[in-house]
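Engineer: Got a structure for you, written out below as structure tokens; questions coming shortly.
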Amino acid sequence: MTAKLAELQGPEHDGSVAKAIYQYWKSWGIRGENSEQYARYLGYLSGKELYPDLKVTSFEGYIKEHMK
């Protein structure tokens with residue numbers, strides 16, 4: 001990923017694309033804006049709240065079912 005960012009730093013680019021990528025990474029990973037708690041704070045509903053009757057299979061359950 002770093003090599004691709006280096007390509008965007010040439011004389012024809014002002015660095016705004018690389019800056020946007022780093023800002024996205026910061027908001028997603030460092031500030032925690034990708035968490036369920038932050039989504040609830042913003043007023044979003046979870047899938048379980050929207051579809052309470054939907055049967056959900058965990059990843060572990062899915063793998064066990066398909067490894068039989």
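To be explicit about the labels: the chains of the structure tokens are called A, B, and onward in the order shown, and within each one the residues are counted from 1, while ligands get numbers from 1 in the order they are shown.
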DSSP on the backbone: which residues in chain A end up as helix (DSSP H, G or I)? Give the answer as a PyMOL selection string.

Structural biologist: chain A and resi 2-7+16-30+36-42+47-50+59-66

Engineer: Using Å and a single decimal, report how far atom CA of Glu36 of chain A sits from atom CA of Glu49 of chain A.

Structural biologist: 12.6 Å

Engineer: Report, in Å to a single decimal, how far apart atom CA of Gly61 of chain A and atom CA of Lys48 of chain A are.

Structural biologist: 17.7 Å
